[in-house]
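Colleague: Sharing a structure below in structure tokens format, with a few things to ask.
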Amino acid sequence: MAQDLVALMDALGVGEFDLCGHDRGARVAHRLATDYPARVKKLCVIDIAPTLDMYGATNFEFAKAYYHWFHLIQPAPLPENMINGNTMAYLHAKLGGWGAGGLGHIEPAALAEYERCFGNPATVHSVCEDYRASAGIDLAHDRASRANGDKVQCDLLVLWGERGVVHRLFEPVALWQAQCAGQVTGQAMPAGHFIPEELPEQTAQVLRGFFARED
């Protein structure tokens with residue numbers, strides 16, 4: 001996915017760029033900034049700790065909160081069949097969980113699009129495959145990067161939700177400092193996991209300040 005994004009920026013004629021990702025997108029952004037340090041001017045990751053650290057710290061509390069990580073990586077088609085038994089119930093539970101407190105943070109048009117896409121069994125399979133990769137090739141890449149001493153070279157901002165699992169179980173700034181050669185700053189936001197949807201104006205303000213700042 002990181003290679004695809006770099007190829008897209010090449011096609012658009014964009015050399016350097018600021019980069020921000022949330023959740024799965026933040027993991028792609030981390031890999032992109034690690035593999036293509038000359039391309040990323042500044043990086044922001046939202047509500048994640050490094051994947052390798054999160055898997056490595058697995059205990060009862062983490063497994064209980066992020067059970068889907070271990071469910072979705074099971075061999076196909078077990079999780080796909082289970083989810084497809086009631087896709088909308090599963091989707092709504094996920095979008096309304098992790099401290100979000102319901103579905104009110106999602107715009108109706110966006111929710112309708114989520115429902116349309118998730119109603120396709122191929123989408124459910126793709127989601128599971130993404131998580132399988134996260135527990136497979138992604139971890140292999142992360143271990144190789146650490147063995148090589150590869151780190152994010154630019155300044156990094158990490159945002160996380162006060163009502164989320166990252167806030168409760170991890171030290172996000174410290175974990176990211178270990179994976180970044182630039183300056184790492186961060187702050188907890190008064191939200192659950194879905195920070196951009198729950199706090200769109202506040203998130204935009206923080207991002208504008210970070211990306212506009214000349215260090």
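Residues are named by chain letter and number: chains run A, B, ... in the order of the structure tokens, numbers start at 1 in each chain, and ligands are numbered from 1 in the order shown.
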Find the spatial neighbours of region 112-116 of chain A, counting only C-alpha atoms, within a cut-off of 10 Å - ignore same-chain residues fewer than 6 positions away - and output them as a list in words.
Modeller: Thr87, Met88, Leu91, His92, Leu95, Ile106 and Thr123 of chain A
Colleague: Need to verify the contact set: Tyr67 (chain A), 12 Å, only C-alpha atoms, exclusion of same-chain residues closer than 4 positions in sequence. Can you return it as a tab-separated table (two decimals) with C-alpha atoms, in the first residue's frame?
Modeller:
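Written out: selection.tsv:
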chain	number	residue	atom	x	y	z
A	55	TYR	CA	1.42	-7.29	19.17
A	58	THR	CA	-0.39	-8.60	24.07
A	59	ASN	CA	-1.94	-9.46	27.39
A	60	PHE	CA	-5.47	-10.13	28.62
A	61	GLU	CA	-6.53	-6.48	28.54
A	62	PHE	CA	-5.22	-5.90	25.02
A	63	ALA	CA	-6.68	-9.14	23.67
A	71	HIS	CA	-10.27	-13.02	15.06
A	72	LEU	CA	-9.69	-11.56	11.59
A	73	ILE	CA	-6.28	-13.18	11.13
A	74	GLN	CA	-7.71	-16.69	11.38
A	94	LYS	CA	-17.17	-1.64	15.18
A	98	TRP	CA	-13.79	1.96	20.96
A	131	TYR	CA	-5.37	-7.97	9.10
A	165	VAL	CA	-7.23	1.60	24.00
Colleague: Write out as JSON lines a residue-level contact list of region 93-161 of chain A versus region 166-187 of chain A with cut-off 7 Å: for each qualifying residue the closest pair of atoms and the distance in Å to one decimal, counting only C-alpha atoms, rows sorted by chain and residue number upward.
Modeller:
{"residue": "A:Lys151", "atom": "CA", "partner": "A:Cys180", "partner_atom": "CA", "distance": 5.1}
{"residue": "A:Val152", "atom": "CA", "partner": "A:Cys180", "partner_atom": "CA", "distance": 4.5}
{"residue": "A:Gln153", "atom": "CA", "partner": "A:Ala181", "partner_atom": "CA", "distance": 5.0}
{"residue": "A:Cys154", "atom": "CA", "partner": "A:Gly182", "partner_atom": "CA", "distance": 4.9}
{"residue": "A:Asp155", "atom": "CA", "partner": "A:Gly182", "partner_atom": "CA", "distance": 4.5}
{"residue": "A:Leu156", "atom": "CA", "partner": "A:Val184", "partner_atom": "CA", "distance": 4.8}
{"residue": "A:Leu157", "atom": "CA", "partner": "A:Thr185", "partner_atom": "CA", "distance": 5.0}
{"residue": "A:Val158", "atom": "CA", "partner": "A:Gly186", "partner_atom": "CA", "distance": 4.6}
{"residue": "A:Leu159", "atom": "CA", "partner": "A:Gln187", "partner_atom": "CA", "distance": 5.3}
{"residue": "A:Trp160", "atom": "CA", "partner": "A:His167", "partner_atom": "CA", "distance": 6.5}
{"residue": "A:Gly161", "atom": "CA", "partner": "A:His167", "partner_atom": "CA", "distance": 6.4}
Colleague: Find the residue from A:Glu80, A:Asp130, A:Asp10, A:Glu107 that sits nearest to Gly25 (chain A); use only C-alpha atoms when measuring.
Modeller: A:Asp130
Colleague: For the atom pair CA of Pro190 (chain A) and CA of Tyr66 (chain A), what is the interatomic distance in Å to one decimal place?
Modeller: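 Those two atoms sit 20.5 Å apart.
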Colleague: Considering only C-alpha atoms, state which residue in the set A:Ala100, A:His141, A:Arg146, A:Phe211 is at the smallest distance from Gly164 (chain A).
Modeller: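 With only C-alpha atoms as the atom set, the closest residue is A:Ala100.
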Colleague: Looking at only C-alpha atoms, which of A:Asp138, A:Arg132, A:Glu197, A:Met189 is the one that sits closest to Pro108 (chain A)?
Modeller: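 The shortest atom-to-atom distance to Pro108 (chain A) comes from A:Glu197.
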Colleague: For the structure I just gave you, how does DSSP split region 12-204 of chain A - specifically, which residues are alpha helix (DSSP H)? Reply as a PyMOL selection string.
Modeller: chain A and resi 12+24-35+51-56+60-65+67-72+78-84+87-95+108-118+121-134+137-148+165-169+172-177+195-198+200-204
Colleague: For the atom pair CA of His125 (chain A) and CA of Phe70 (chain A), what is the interatomic distance in Å to one decimal place?
Modeller: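 Taking CA of His125 (chain A) as the start and CA of Phe70 (chain A) as the end point, the length is 15.0 Å.
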Colleague: Just the number, please: distance in Å from CA of Asp142 (chain A) to CA of Ala26 (chain A), one decimal.
Modeller: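 Between these atoms lies a distance of 14.1 Å.
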Colleague: Counting only C-alpha atoms, what is within 12 Å of Ala38 (chain A), bar same-chain residues fewer than 2 positions away, as an MDAnalysis selection string?
Modeller: chainID A and resid 6 15:18 32:36 40:42 152:154
Colleague: Considering only strand (DSSP E or B) as DSSP defines it on the backbone, what residues of region 11-208 of chain A qualify? List them as a count of residues only.
Modeller: 28
